>>> print(open('final-v2.txt').read())   # compact mmCIF, C-alpha atoms
# COMPACT_ATOMS: atom_id res chain seq x y z
CA MET U 130 -50.75 17.25 1.07
CA GLU U 131 -49.42 14.19 -0.58
CA PRO U 132 -45.62 13.85 -0.37
CA LEU U 133 -44.95 14.35 -4.08
CA MET U 134 -46.95 17.54 -4.16
CA GLU U 135 -45.22 18.69 -1.02
CA SER U 136 -41.78 18.22 -2.51
CA PHE U 137 -42.81 20.15 -5.63
CA THR U 138 -44.16 22.99 -3.53
CA THR U 139 -41.02 23.13 -1.40
CA GLU U 140 -38.93 23.26 -4.52
CA LEU U 141 -41.04 26.05 -5.97
CA ARG U 142 -40.86 28.09 -2.80
CA ARG U 143 -37.23 27.62 -1.96
CA GLY U 144 -35.86 30.34 -4.17
CA THR U 145 -38.57 32.82 -3.35
CA LEU U 146 -37.85 32.77 0.38
CA THR U 147 -34.59 34.67 -0.01
CA LEU U 148 -36.44 37.33 -1.93
CA ALA U 149 -39.19 37.48 0.70
CA VAL U 150 -36.69 37.79 3.54
CA LEU U 151 -34.60 40.46 1.83
CA SER U 152 -37.72 42.50 1.11
CA GLN U 153 -38.52 42.75 4.81
CA LEU U 154 -35.11 43.78 6.08
CA ARG U 155 -34.86 47.39 4.99
CA THR U 156 -35.55 48.11 8.64
CA PRO U 157 -33.71 46.01 11.24
CA GLN U 158 -35.67 42.99 12.37
CA TYR U 159 -34.97 40.25 14.88
CA GLY U 160 -35.82 36.68 14.15
CA TYR U 161 -39.27 36.45 15.62
CA SER U 162 -40.45 39.85 14.41
CA LEU U 163 -39.46 38.78 10.92
CA VAL U 164 -41.46 35.55 11.27
CA GLN U 165 -44.48 37.54 12.27
CA ARG U 166 -44.14 40.03 9.44
CA LEU U 167 -43.87 37.23 6.92
CA GLU U 168 -46.79 35.36 8.44
CA LYS U 169 -48.91 38.48 8.32
CA ALA U 170 -48.15 38.76 4.64
CA GLY U 171 -49.21 35.15 4.18
CA VAL U 172 -45.70 33.81 3.60
CA ALA U 173 -45.37 30.69 5.70
CA ILE U 174 -41.76 29.91 6.47
CA GLU U 175 -40.50 27.29 8.87
CA GLN U 176 -38.49 28.92 11.60
CA SER U 177 -35.95 26.19 11.29
CA THR U 178 -35.47 27.33 7.71
CA LEU U 179 -35.49 31.03 8.44
CA TYR U 180 -32.78 31.31 11.10
CA PRO U 181 -30.14 29.36 9.22
CA LEU U 182 -31.08 31.33 6.10
CA LEU U 183 -30.47 34.61 7.92
CA ARG U 184 -27.04 33.43 8.99
CA ARG U 185 -26.18 32.29 5.53
CA LEU U 186 -27.21 35.61 4.03
CA GLU U 187 -25.10 37.37 6.63
CA LYS U 188 -22.13 35.21 5.79
CA GLN U 189 -22.64 36.08 2.13
CA ALA U 190 -22.54 39.75 3.16
CA LEU U 191 -26.11 40.48 2.09
CA LEU U 192 -27.11 41.21 5.66
CA THR U 193 -25.43 42.68 8.69
CA SER U 194 -26.35 41.84 12.24
CA SER U 195 -26.00 43.37 15.65
CA TRP U 196 -26.96 42.38 19.16
CA ASP U 197 -29.26 44.71 21.03
CA THR U 198 -28.73 44.20 24.75
CA THR U 199 -30.55 47.30 26.02
CA GLU U 200 -33.83 45.46 26.55
CA SER U 201 -34.59 42.76 29.07
CA ARG U 202 -33.73 40.03 26.63
CA PRO U 203 -30.93 40.36 24.11
CA ARG U 204 -32.00 40.24 20.48
CA LYS U 205 -30.09 39.86 17.30
CA TYR U 206 -31.16 42.34 14.66
CA TYR U 207 -30.58 41.77 10.99
CA VAL U 208 -30.64 44.49 8.34
CA ILE U 209 -29.93 44.47 4.63
CA SER U 210 -26.49 45.69 3.55
CA GLU U 211 -25.71 47.88 0.57
CA TYR U 212 -24.54 44.87 -1.37
CA GLY U 213 -27.67 43.05 -0.24
CA SER U 214 -29.84 45.86 -1.62
CA ASP U 215 -28.10 45.55 -5.00
CA ILE U 216 -28.72 41.84 -5.09
CA TYR U 217 -32.29 42.33 -3.92
CA GLU U 218 -33.06 44.77 -6.74
CA GLN U 219 -31.62 42.41 -9.33
CA LEU U 220 -33.46 39.45 -7.90
CA LYS U 221 -36.68 41.41 -7.84
CA LYS U 222 -36.32 42.28 -11.51
CA GLU U 223 -35.56 38.66 -12.32
CA TRP U 224 -38.63 37.57 -10.40
CA GLU U 225 -40.86 40.02 -12.21
CA THR U 226 -39.64 38.90 -15.62
CA MET U 227 -40.05 35.27 -14.66
CA THR U 228 -43.59 35.63 -13.36
CA ALA U 229 -44.56 37.60 -16.45
CA GLU U 230 -43.11 34.95 -18.73
CA LEU U 231 -44.71 32.15 -16.80
CA LYS U 232 -48.01 33.95 -16.77
CA THR U 233 -47.97 34.08 -20.56
CA LEU U 234 -47.17 30.41 -20.71
CA LEU U 235 -49.83 29.38 -18.24
CA GLU U 236 -52.51 31.55 -19.80
CA GLY U 237 -51.59 30.19 -23.22
CA ASP U 238 -52.14 26.77 -21.76
CA GLU U 239 -55.65 27.68 -20.64
CA ASN U 240 -56.48 29.13 -24.06
CA ASP U 241 -55.28 25.96 -25.75
CA GLU U 242 -57.62 23.93 -23.62
CA ALA U 243 -60.49 26.23 -24.43
CA ASP U 244 -60.03 25.70 -28.17
CA MET H 233 -37.08 26.55 31.14
CA LYS H 234 -35.45 23.17 31.35
CA LEU H 235 -37.01 22.12 28.08
CA ILE H 236 -35.69 25.19 26.33
CA GLU H 237 -32.19 24.64 27.68
CA ALA H 238 -32.33 21.02 26.61
CA TYR H 239 -33.51 21.98 23.14
CA ILE H 240 -30.77 24.56 22.71
CA TYR H 241 -28.20 22.08 23.93
CA GLU H 242 -29.47 19.47 21.48
CA VAL H 243 -29.05 21.92 18.61
CA THR H 244 -25.73 23.48 19.54
CA ARG H 245 -23.88 20.31 20.46
CA ARG H 246 -24.15 19.39 16.79
CA LEU H 247 -22.61 22.66 15.66
CA PRO H 248 -19.02 23.85 15.40
CA GLU H 249 -17.68 25.26 18.64
CA LYS H 250 -17.30 28.84 17.44
CA LEU H 251 -20.94 29.13 16.37
CA ARG H 252 -22.45 27.63 19.47
CA GLU H 253 -22.66 30.62 21.76
CA ASP H 254 -24.13 32.97 19.23
CA ILE H 255 -26.71 30.54 17.96
CA ALA H 256 -27.68 29.53 21.49
CA LEU H 257 -28.31 33.15 22.39
CA GLU H 258 -30.30 33.79 19.25
CA LEU H 259 -32.34 30.65 19.67
CA ARG H 260 -33.13 31.42 23.28
CA SER H 261 -34.39 34.92 22.53
CA THR H 262 -36.39 33.59 19.60
CA ILE H 263 -38.04 30.89 21.65
CA GLU H 264 -38.87 33.36 24.38
CA ASP H 265 -40.33 35.70 21.76
CA MET H 266 -42.63 32.95 20.68
CA LEU H 267 -43.97 32.52 24.20
CA PRO H 268 -46.42 34.71 26.15
CA GLU H 269 -45.43 36.51 29.34
CA HIS H 270 -46.24 33.67 31.73
CA PHE H 271 -45.97 30.47 29.80
CA SER H 272 -46.92 26.93 30.63
CA GLU H 273 -44.96 23.82 29.77
CA ASP H 274 -47.44 22.96 27.06
CA GLU H 275 -46.85 26.29 25.41
CA VAL H 276 -43.11 25.65 25.47
CA LYS H 277 -43.67 22.28 23.87
CA GLU H 278 -45.78 23.85 21.18
CA ALA H 279 -43.16 26.49 20.43
CA LEU H 280 -40.40 23.92 20.29
CA SER H 281 -42.36 21.62 18.02
CA LYS H 282 -42.71 24.57 15.65
CA LEU H 283 -38.93 24.77 15.51
CA GLY H 284 -38.77 21.08 14.77
CA ASP H 285 -36.23 18.33 15.33
CA PRO H 286 -33.05 19.81 16.82
CA ALA H 287 -30.95 17.56 14.57
CA HIS H 288 -32.64 19.01 11.50
CA LEU H 289 -32.23 22.54 12.73
CA ALA H 290 -28.56 21.96 13.46
CA ALA H 291 -28.08 20.39 10.03
CA SER H 292 -29.53 23.42 8.30
CA TYR H 293 -27.07 25.65 10.14
CA ARG H 294 -24.10 23.72 8.90
CA ASP H 295 -22.28 24.68 5.75
CA THR H 296 -20.42 21.43 5.33
CA PRO H 297 -22.37 18.80 3.47
CA MET H 298 -24.12 16.02 5.32
CA HIS H 299 -23.42 13.47 2.63
CA VAL H 300 -20.11 11.66 2.63
CA ILE H 301 -19.40 11.75 -1.08
CA GLY H 302 -21.44 14.48 -2.70
CA PRO H 303 -22.53 14.89 -6.30
CA LYS H 304 -19.64 17.27 -6.94
CA VAL H 305 -16.99 14.63 -6.60
CA TYR H 306 -19.02 11.47 -7.10
CA ASP H 307 -18.00 11.06 -10.73
CA ALA H 308 -14.35 11.47 -9.96
CA TYR H 309 -14.72 9.08 -7.03
CA LEU H 310 -16.23 6.36 -9.20
CA TRP H 311 -13.67 6.88 -11.90
CA THR H 312 -10.81 6.63 -9.43
CA MET H 313 -12.25 3.40 -8.05
CA LYS H 314 -12.58 1.93 -11.51
CA MET H 315 -8.98 2.82 -12.27
CA ILE H 316 -7.53 1.55 -9.02
CA VAL H 317 -9.53 -1.60 -8.35
CA PRO H 318 -8.42 -3.64 -11.41
CA TRP H 319 -4.79 -2.74 -10.75
CA ALA H 320 -5.10 -3.59 -7.09
CA ILE H 321 -6.49 -7.01 -8.02
CA LEU H 322 -3.91 -7.58 -10.73
CA ILE H 323 -0.97 -6.66 -8.53
CA THR H 324 -2.28 -8.79 -5.68
CA ILE H 325 -2.57 -11.83 -7.94
CA LEU H 326 0.81 -11.20 -9.52
CA VAL H 327 2.67 -10.73 -6.27
CA HIS H 328 1.24 -13.92 -4.92
CA VAL H 329 1.83 -15.98 -8.06
CA VAL H 330 5.43 -14.80 -8.32
CA GLU H 331 6.01 -15.34 -4.62
CA THR H 332 4.59 -18.86 -4.76
CA ILE H 333 6.62 -19.85 -7.80
CA VAL H 334 9.84 -18.40 -6.42
CA LEU H 335 9.35 -20.04 -3.05
CA PHE H 336 8.22 -23.32 -4.59
CA SER H 337 10.50 -26.01 -3.28
CA GLY H 338 8.96 -29.05 -4.92
CA GLU H 339 8.19 -30.57 -1.56
CA GLU H 340 4.45 -30.17 -2.00
CA SER H 341 2.39 -31.39 -4.89
CA ILE H 342 1.60 -28.73 -7.46
CA LEU H 343 -2.13 -29.35 -7.15
CA SER H 344 -2.20 -28.64 -3.43
CA VAL H 345 -0.04 -25.54 -3.91
CA VAL H 346 -2.47 -24.28 -6.59
CA ILE H 347 -5.52 -24.90 -4.43
CA LYS H 348 -3.90 -23.25 -1.43
CA SER H 349 -2.82 -20.31 -3.57
CA ILE H 350 -6.31 -19.69 -4.91
CA GLY H 351 -7.57 -19.49 -1.34
CA ILE H 352 -4.84 -17.09 -0.31
CA ILE H 353 -5.32 -14.97 -3.44
CA ILE H 354 -9.06 -14.60 -2.81
CA ALA H 355 -8.43 -13.64 0.81
CA ASN H 356 -5.75 -11.16 -0.24
CA ILE H 357 -7.98 -9.62 -2.89
CA ILE H 358 -10.76 -9.08 -0.36
CA HIS H 359 -8.29 -7.53 2.02
CA VAL H 360 -6.80 -5.27 -0.65
CA LEU H 361 -10.26 -4.19 -1.87
CA ILE H 362 -11.34 -3.24 1.64
CA GLN H 363 -8.16 -1.22 2.06
CA THR H 364 -8.60 0.43 -1.32
CA PHE H 365 -12.21 1.39 -0.69
CA PHE H 366 -11.35 2.69 2.72
CA TRP H 367 -8.47 4.90 1.70
CA VAL H 368 -9.93 6.22 -1.53
CA THR H 369 -13.13 7.09 0.30
CA ILE H 370 -11.19 8.85 3.05
CA VAL H 371 -9.36 10.94 0.46
CA PHE H 372 -12.60 11.89 -1.24
CA ILE H 373 -14.32 12.79 2.01
CA PHE H 374 -11.38 15.08 2.64
CA ILE H 375 -11.72 16.62 -0.84
CA GLU H 376 -15.47 17.04 -0.42
CA ARG H 377 -15.15 18.83 2.91
CA ILE H 378 -12.04 20.88 2.53
CA GLY H 379 -10.49 20.99 -0.85
CA LEU H 380 -12.72 21.43 -3.80
CA ALA H 381 -16.09 21.73 -2.16
CA LYS H 382 -15.72 25.48 -2.25
CA SER H 383 -15.76 25.74 -6.03
CA ASN H 384 -19.18 25.70 -7.55
CA GLY H 385 -18.64 23.35 -10.44
CA SER H 386 -18.45 19.66 -9.95
CA ILE H 387 -15.20 17.82 -10.16
CA THR H 388 -15.31 15.76 -13.29
CA THR H 389 -13.23 12.77 -14.14
CA TYR H 390 -10.80 15.16 -15.78
CA GLY H 391 -9.97 16.64 -12.42
CA SER H 392 -11.21 20.11 -13.29
CA GLU H 393 -14.49 21.81 -13.86
CA TRP H 394 -16.41 20.62 -16.86
CA THR H 395 -16.12 22.47 -20.15
CA PRO H 396 -17.31 21.38 -23.58
CA GLU H 397 -13.63 21.14 -24.54
CA GLN H 398 -13.48 17.87 -22.61
CA LEU H 399 -15.85 16.28 -25.10
CA LYS H 400 -12.89 16.08 -27.45
CA TYR H 401 -11.30 13.49 -25.22
CA VAL H 402 -14.38 11.34 -24.95
CA HIS H 403 -13.83 8.08 -26.78
CA VAL H 404 -16.96 6.87 -28.40
CA ILE H 405 -16.22 3.19 -28.69
CA SER H 406 -18.44 0.78 -30.50
CA LYS H 407 -19.19 -2.38 -28.59
CA LYS H 408 -17.79 -4.55 -31.34
CA LYS H 409 -14.35 -2.99 -31.19
CA VAL H 410 -13.90 -2.72 -27.48
CA ILE H 411 -11.09 -4.61 -25.78
CA PRO H 412 -12.37 -5.78 -22.41
CA ARG H 413 -10.15 -4.71 -19.52
CA SER H 414 -10.42 -8.20 -18.11
CA GLU H 415 -8.85 -9.55 -21.28
CA ILE H 416 -5.90 -7.18 -20.91
CA ILE H 417 -5.43 -8.02 -17.26
CA PHE H 418 -5.58 -11.72 -18.04
CA GLY H 419 -2.95 -11.17 -20.75
CA LEU H 420 -0.67 -9.42 -18.28
CA VAL H 421 -1.04 -12.15 -15.69
CA TRP H 422 -0.41 -14.75 -18.38
CA THR H 423 2.78 -13.01 -19.49
CA ALA H 424 3.98 -12.71 -15.91
CA ILE H 425 3.35 -16.38 -15.27
CA TRP H 426 5.33 -17.39 -18.34
CA VAL H 427 8.24 -15.15 -17.41
CA VAL H 428 8.38 -16.58 -13.91
CA LEU H 429 8.08 -20.11 -15.30
CA TYR H 430 10.90 -19.35 -17.71
CA PHE H 431 13.27 -18.32 -14.94
CA ASN H 432 12.30 -21.24 -12.73
CA ALA H 433 11.78 -23.98 -15.29
CA ASP H 434 14.35 -26.29 -13.72
CA ARG H 435 12.46 -26.23 -10.44
CA LEU H 436 8.95 -26.47 -11.82
CA ALA H 437 8.82 -28.40 -15.06
CA GLY H 438 10.07 -31.92 -14.79
CA VAL H 439 9.28 -35.47 -14.03
CA TYR H 440 7.29 -35.84 -10.84
CA ARG H 441 6.95 -39.06 -8.98
CA SER H 442 5.10 -40.07 -5.90
CA SER H 443 7.49 -41.63 -3.42
CA ASP H 444 6.66 -43.07 -0.02
CA GLY H 445 3.10 -41.74 -0.31
CA ASP H 446 4.59 -38.32 0.34
CA GLY H 447 2.89 -36.52 -2.50
CA LEU H 448 4.58 -35.79 -5.78
CA GLN H 449 8.26 -35.04 -5.84
CA MET H 450 10.37 -33.79 -8.68
CA VAL H 451 12.74 -36.44 -9.89
CA MET H 452 14.49 -34.45 -12.56
CA PRO H 453 13.92 -31.23 -14.48
CA ALA H 454 12.61 -31.62 -18.02
CA LEU H 455 14.49 -28.70 -19.46
CA ASN H 456 18.04 -27.56 -19.51
CA GLN H 457 17.90 -24.27 -17.63
CA SER H 458 21.26 -22.99 -18.89
CA VAL H 459 20.19 -23.48 -22.52
CA LEU H 460 16.94 -21.75 -21.73
CA MET H 461 18.75 -18.84 -20.08
CA SER H 462 21.00 -18.39 -23.11
CA TYR H 463 17.92 -17.04 -24.92
CA LEU H 464 17.36 -14.43 -22.25
CA PRO H 465 18.51 -11.50 -24.41
CA ILE H 466 15.68 -12.30 -26.85
CA VAL H 467 13.05 -13.45 -24.40
CA LEU H 468 13.24 -10.50 -22.02
CA PRO H 469 12.66 -7.78 -24.64
CA PHE H 470 9.63 -9.70 -25.89
CA ALA H 471 8.19 -10.04 -22.43
CA LEU H 472 8.60 -6.27 -22.02
CA LEU H 473 7.07 -5.74 -25.45
CA GLU H 474 4.05 -7.82 -24.44
CA ILE H 475 3.60 -5.72 -21.32
CA GLY H 476 3.98 -2.50 -23.31
CA LEU H 477 1.44 -3.76 -25.81
CA ALA H 478 -1.01 -4.54 -23.01
CA LEU H 479 -0.63 -1.01 -21.65
CA PHE H 480 -1.18 0.38 -25.13
CA LYS H 481 -4.35 -1.68 -25.44
CA TRP H 482 -5.43 -0.37 -22.06
CA LYS H 483 -5.02 3.16 -23.30
CA GLU H 484 -6.72 2.64 -26.68
CA ARG H 485 -9.49 0.46 -25.27
CA GLN H 486 -10.50 -0.62 -28.75
CA TRP H 487 -9.09 -2.53 -31.67
CA THR H 488 -7.64 -0.26 -34.30
CA MET H 489 -5.81 -1.35 -37.45
CA LYS H 490 -2.60 0.02 -35.97
CA LEU H 491 -3.06 -2.03 -32.83
CA VAL H 492 -3.93 -5.11 -34.87
CA ALA H 493 -0.71 -4.71 -36.88
CA ILE H 494 1.53 -4.18 -33.85
CA ASN H 495 -0.17 -7.04 -32.05
CA ALA H 496 0.24 -9.37 -35.05
CA VAL H 497 3.92 -8.51 -35.50
CA SER H 498 4.60 -9.00 -31.81
CA LYS H 499 2.77 -12.34 -31.75
CA VAL H 500 4.48 -13.65 -34.89
CA VAL H 501 7.93 -12.66 -33.70
CA SER H 502 7.48 -14.12 -30.25
CA LEU H 503 6.11 -17.27 -31.84
CA THR H 504 9.24 -17.47 -33.95
CA VAL H 505 11.38 -17.07 -30.86
CA PHE H 506 9.40 -19.79 -29.17
CA ILE H 507 9.89 -22.17 -32.11
CA VAL H 508 13.62 -21.44 -32.21
CA ILE H 509 13.96 -22.19 -28.52
CA ALA H 510 11.74 -25.27 -28.62
CA SER H 511 13.54 -26.76 -31.59
CA ASN H 512 16.92 -26.54 -29.93
CA PRO H 513 17.75 -30.22 -29.24
CA ALA H 514 19.89 -29.26 -26.24
CA LEU H 515 16.86 -27.75 -24.52
CA ILE H 516 15.55 -31.09 -23.25
CA ASN H 517 17.48 -32.39 -20.30
CA GLU H 518 19.71 -35.21 -21.63
CA ALA H 519 19.08 -37.40 -18.63
CA MET H 520 15.36 -37.38 -19.38
CA ILE H 521 15.45 -39.71 -22.37
CA PRO H 522 17.18 -42.69 -20.76
CA TYR H 523 15.11 -42.17 -17.63
CA LEU H 524 11.81 -42.16 -19.49
CA ALA H 525 12.92 -45.09 -21.65
CA ASN H 526 13.60 -47.02 -18.52
CA VAL H 527 10.33 -46.12 -16.82
CA LEU H 528 8.16 -46.66 -19.87
CA GLU H 529 10.14 -49.74 -20.95
CA ILE H 530 10.64 -48.61 -24.51
CA ASN H 531 13.80 -47.71 -26.37
CA SER H 532 15.43 -44.30 -26.32
CA SER H 533 14.67 -43.42 -29.93
CA SER H 534 10.95 -43.95 -29.34
CA VAL H 535 11.14 -41.57 -26.41
CA GLN H 536 12.97 -39.07 -28.56
CA ASN H 537 10.26 -39.42 -31.25
CA PHE H 538 7.59 -38.96 -28.67
CA ILE H 539 9.21 -35.79 -27.33
CA ASP H 540 9.66 -34.40 -30.84
CA TRP H 541 6.07 -35.18 -31.61
CA ALA H 542 4.90 -33.49 -28.38
CA VAL H 543 7.00 -30.39 -29.06
CA TRP H 544 5.68 -29.99 -32.60
CA THR H 545 2.12 -30.59 -31.50
CA ILE H 546 2.49 -27.80 -28.96
CA ILE H 547 4.04 -25.51 -31.59
CA ALA H 548 1.26 -26.28 -34.09
CA THR H 549 -1.38 -25.59 -31.47
CA ILE H 550 0.19 -22.26 -30.60
CA ILE H 551 0.44 -21.29 -34.31
CA VAL H 552 -3.24 -22.01 -34.81
CA THR H 553 -4.21 -20.13 -31.63
CA VAL H 554 -2.14 -17.10 -32.60
CA ALA H 555 -3.57 -17.12 -36.14
CA ILE H 556 -7.12 -17.22 -34.79
CA GLU H 557 -6.36 -14.44 -32.32
CA ILE H 558 -4.87 -12.21 -35.02
CA TYR H 559 -7.78 -12.81 -37.37
CA ASP H 560 -10.24 -12.14 -34.57
CA SER H 561 -8.61 -8.82 -33.67
CA TYR H 562 -8.61 -7.83 -37.36
CA ARG H 563 -12.31 -8.67 -37.64
CA LYS H 564 -13.08 -6.58 -34.55
CA ALA H 565 -11.05 -3.61 -35.79
CA LYS H 566 -12.90 -3.70 -39.11
CA ALA H 567 -16.33 -3.87 -37.46
>>> encode(input="final-v2.txt", output="structure tokens")
Amino acid sequence: MEPLMESFTTELRRGTLTLAVLSQLRTPQYGYSLVQRLEKAGVAIEQSTLYPLLRRLEKQALLTSSWDTTESRPRKYYVISEYGSDIYEQLKKEWETMTAELKTLLEGDENDEAD
Amino acid sequence: MKLIEAYIYEVTRRLPEKLREDIALELRSTIEDMLPEHFSEDEVKEALSKLGDPAHLAASYRDTPMHVIGPKVYDAYLWTMKMIVPWAILITILVHVVETIVLFSGEESILSVVIKSIGIIIANIIHVLIQTFFWVTIVFIFIERIGLAKSNGSITTYGSEWTPEQLKYVHVISKKKVIPRSEIIFGLVWTAIWVVLYFNADRLAGVYRSSDGDGLQMVMPALNQSVLMSYLPIVLPFALLEIGLALFKWKERQWTMKLVAINAVSKVVSLTVFIVIASNPALINEAMIPYLANVLEINSSSVQNFIDWAVWTIIATIIVTVAIEIYDSYRKAKA
């Protein structure tokens, strides 16, 4: 991808990643399991973006974390908090409105061209 | 395993101490998750290259900004610089000019003192500018990282978050009316030089003569310092008035009719004072006339005529200059 296009795409995706991550954390997930879930859904996220994002969301009290040391290797599990769920619902609504609005705009564009 | 340890070290050494352990643990388990049961070195390399440059990863963990002066405070930073730098230059020049005049002993020729001074002033200005940039930048880095970086709005030149209210204080100045800052600074320096000259006239203004190839030396002062000093009660208030006026111009930044009027009154009155002082016959050092008559081999009354003529030429020149300046400011204010 040419660099300009890449920067546009990154910009477009940046805000949606939070939404994607929050959507997957209703059950506790550790870092790598989350990567896999997202990948399976077709959402490509750099791991170097994901882990700092998880920490930031935890710091903002949207997530809570806990270490599970019962298995052979310790894993840090993240799960959405009550406050996080609130935010998630609001964000989701916002996203739905936005995509609907944009859809109208973009379709209008196509119709204009057809005229 | 060594590669993983090295990678984790490379990330965590860039992070604050208290985060290191936790992030190291998390990273290690993540990397191991990415690898199959029995992994080869190539597989480790592949996993690590997925995580990317450790410096980048560390940077994205940090909350503090990577830039030194961020967009939040950049405006305020620039504004502060613009405010401080002209004053720093002005004060540097002034201090040096005053110091040189006060310390002037007449042993060196004026020309060489002036040339030397210009060199010293330029060096001092560079020094002061470096200091200013350094310290102001330090303060703003501090603000960026600790103080105001936490608030979401940017720090405007008004020192608080931006609101439309601030638009009220924005001066929209037309280019024709604007008073250049350089002009004001020059005016201040000019005033300061005249004040210093006034107090030191007996040591600076006079007849200079080259003796023994030793450069110029003052033979006798041209003016009578005690007569000059007797006008101090009038001169000093006007010097202060000039400075006040310059500060007022600095604040207004443009010619207004009010400023034109105050400026004109101030100029006319100080011109009057100047004429009164200059026309005092006792002002010229009495010893000057016979001395000049002797040197120039003409009679004393010719010398006296010449001095009178010189004084009135100077006065006429100043009147014309002041008139032009007043008219010019009026024209700008009307534009």
>>> closest_atom_pairs(input="final-v2.txt", of="chain U", to="chain H", cutoff="6 Å", atoms="all atoms listed in the file", output="JSON lines")
{"residue": "U:Tyr161", "atom": "CA", "partner": "H:Thr262", "partner_atom": "CA", "distance": 5.7}
{"residue": "U:Gln176", "atom": "CA", "partner": "H:Leu283", "partner_atom": "CA", "distance": 5.7}
{"residue": "U:Ser177", "atom": "CA", "partner": "H:Leu283", "partner_atom": "CA", "distance": 5.4}
{"residue": "U:Pro181", "atom": "CA", "partner": "H:Tyr293", "partner_atom": "CA", "distance": 4.9}
>>> atom_distance(input="final-v2.txt", atom1="CA of Glu273 in chain H", atom2="CA of Leu247 in chain H")
26.5 Å
>>> atom_distance(input="final-v2.txt", atom1="CA of Arg435 in chain H", atom2="CA of Leu420 in chain H")
22.7 Å
>>> closest_residue(input="final-v2.txt", among="U:Leu133, U:Val208, U:Leu167, U:Leu141", to="Arg184 in chain U", atoms="all atoms listed in the file")
U:Val208
>>> residues_around(input="final-v2.txt", residues="Leu515 in chain H", least_positions_apart="2", cutoff="6 Å", atoms="all atoms listed in the file", output="ChimeraX atom specification")
/H:455-456,459,512-513
>>> atom_distance(input="final-v2.txt", atom1="CA of Met489 in chain H", atom2="CA of Leu477 in chain H")
13.9 Å
>>> residues_around(input="final-v2.txt", residues="Arg142 in chain U", least_positions_apart="4", cutoff="10 Å", atoms="all atoms listed in the file", output="mmCIF file with C-alpha atoms, in the frame of the given file")
data_model
loop_
_atom_site.group_PDB
_atom_site.id
_atom_site.type_symbol
_atom_site.label_atom_id
_atom_site.label_comp_id
_atom_site.auth_asym_id
_atom_site.auth_seq_id
_atom_site.Cartn_x
_atom_site.Cartn_y
_atom_site.Cartn_z
ATOM 1 C CA SER U 136 -41.780 18.220 -2.510
ATOM 2 C CA PHE U 137 -42.810 20.150 -5.630
ATOM 3 C CA THR U 138 -44.160 22.990 -3.530
ATOM 4 C CA LEU U 146 -37.850 32.770 0.380
ATOM 5 C CA THR U 147 -34.590 34.670 -0.010
ATOM 6 C CA VAL U 172 -45.700 33.810 3.600
ATOM 7 C CA ALA U 173 -45.370 30.690 5.700
ATOM 8 C CA ILE U 174 -41.760 29.910 6.470
#
>>> residues_around(input="final-v2.txt", residues="range 153-156 of chain U", least_positions_apart="2", cutoff="12 Å", atoms="only C-alpha atoms", output="count of residues only")
35
>>> closest_residue(input="final-v2.txt", among="H:Ala478, H:Glu275, H:Glu237, H:Leu335", to="Ser498 in chain H", atoms="all atoms listed in the file")
H:Ala478
>>> closest_residue(input="final-v2.txt", among="H:Ile521, H:Ile375, H:Val346, H:Val276", to="Tyr309 in chain H", atoms="all atoms listed in the file")
H:Ile375
>>> residues_around(input="final-v2.txt", residues="Trp319 in chain H", least_positions_apart="2", cutoff="12 Å", atoms="only C-alpha atoms", output="JSON, numbers by chain")
{"H": [312, 313, 314, 315, 316, 317, 321, 322, 323, 324, 325, 326, 327, 357, 360, 361, 364, 413, 414, 416, 417, 418, 420, 421, 479, 482]}
>>> residues_around(input="final-v2.txt", residues="Pro412 in chain H", least_positions_apart="5", cutoff="12 Å", atoms="all atoms listed in the file", output="NGL selection string")
:H and (318 or 405 or 407 or 417-419 or 478 or 481-487)
>>> axis_aligned_box(input="final-v2.txt", around="range 145-153 of chain U", padding_each_side="8 Å", output="AutoDock Vina command-line options")
--center_x -36.9 --center_y 37.8 --center_z 0.7 --size_x 20.6 --size_y 26.0 --size_z 24.2
>>> decode(input="final-v2.txt", residues="range 151-155 of chain U", atoms="N, CA, C and O atoms", output="PDB file, in the first residue's frame")
ATOM      1  N   LEU U 151     -13.174  -3.834  23.108  1.00  0.00           N
ATOM      2  CA  LEU U 151     -14.185  -3.881  24.167  1.00  0.00           C
ATOM      3  C   LEU U 151     -15.228  -4.962  23.881  1.00  0.00           C
ATOM      4  O   LEU U 151     -15.692  -5.651  24.787  1.00  0.00           O
ATOM      5  N   SER U 152     -15.561  -5.121  22.607  1.00  0.00           N
ATOM      6  CA  SER U 152     -16.602  -6.088  22.249  1.00  0.00           C
ATOM      7  C   SER U 152     -16.214  -7.517  22.594  1.00  0.00           C
ATOM      8  O   SER U 152     -17.071  -8.367  22.807  1.00  0.00           O
ATOM      9  N   GLN U 153     -14.904  -7.774  22.639  1.00  0.00           N
ATOM     10  CA  GLN U 153     -14.441  -9.145  22.850  1.00  0.00           C
ATOM     11  C   GLN U 153     -14.140  -9.464  24.308  1.00  0.00           C
ATOM     12  O   GLN U 153     -13.719 -10.579  24.615  1.00  0.00           O
ATOM     13  N   LEU U 154     -14.337  -8.508  25.194  1.00  0.00           N
ATOM     14  CA  LEU U 154     -13.859  -8.727  26.561  1.00  0.00           C
ATOM     15  C   LEU U 154     -14.981  -8.959  27.572  1.00  0.00           C
ATOM     16  O   LEU U 154     -14.793  -8.758  28.768  1.00  0.00           O
ATOM     17  N   ARG U 155     -16.146  -9.383  27.091  1.00  0.00           N
ATOM     18  CA  ARG U 155     -17.190  -9.707  28.050  1.00  0.00           C
ATOM     19  C   ARG U 155     -16.809 -10.960  28.845  1.00  0.00           C
ATOM     20  O   ARG U 155     -17.191 -11.126  29.984  1.00  0.00           O
TER      21      ARG U 155
END
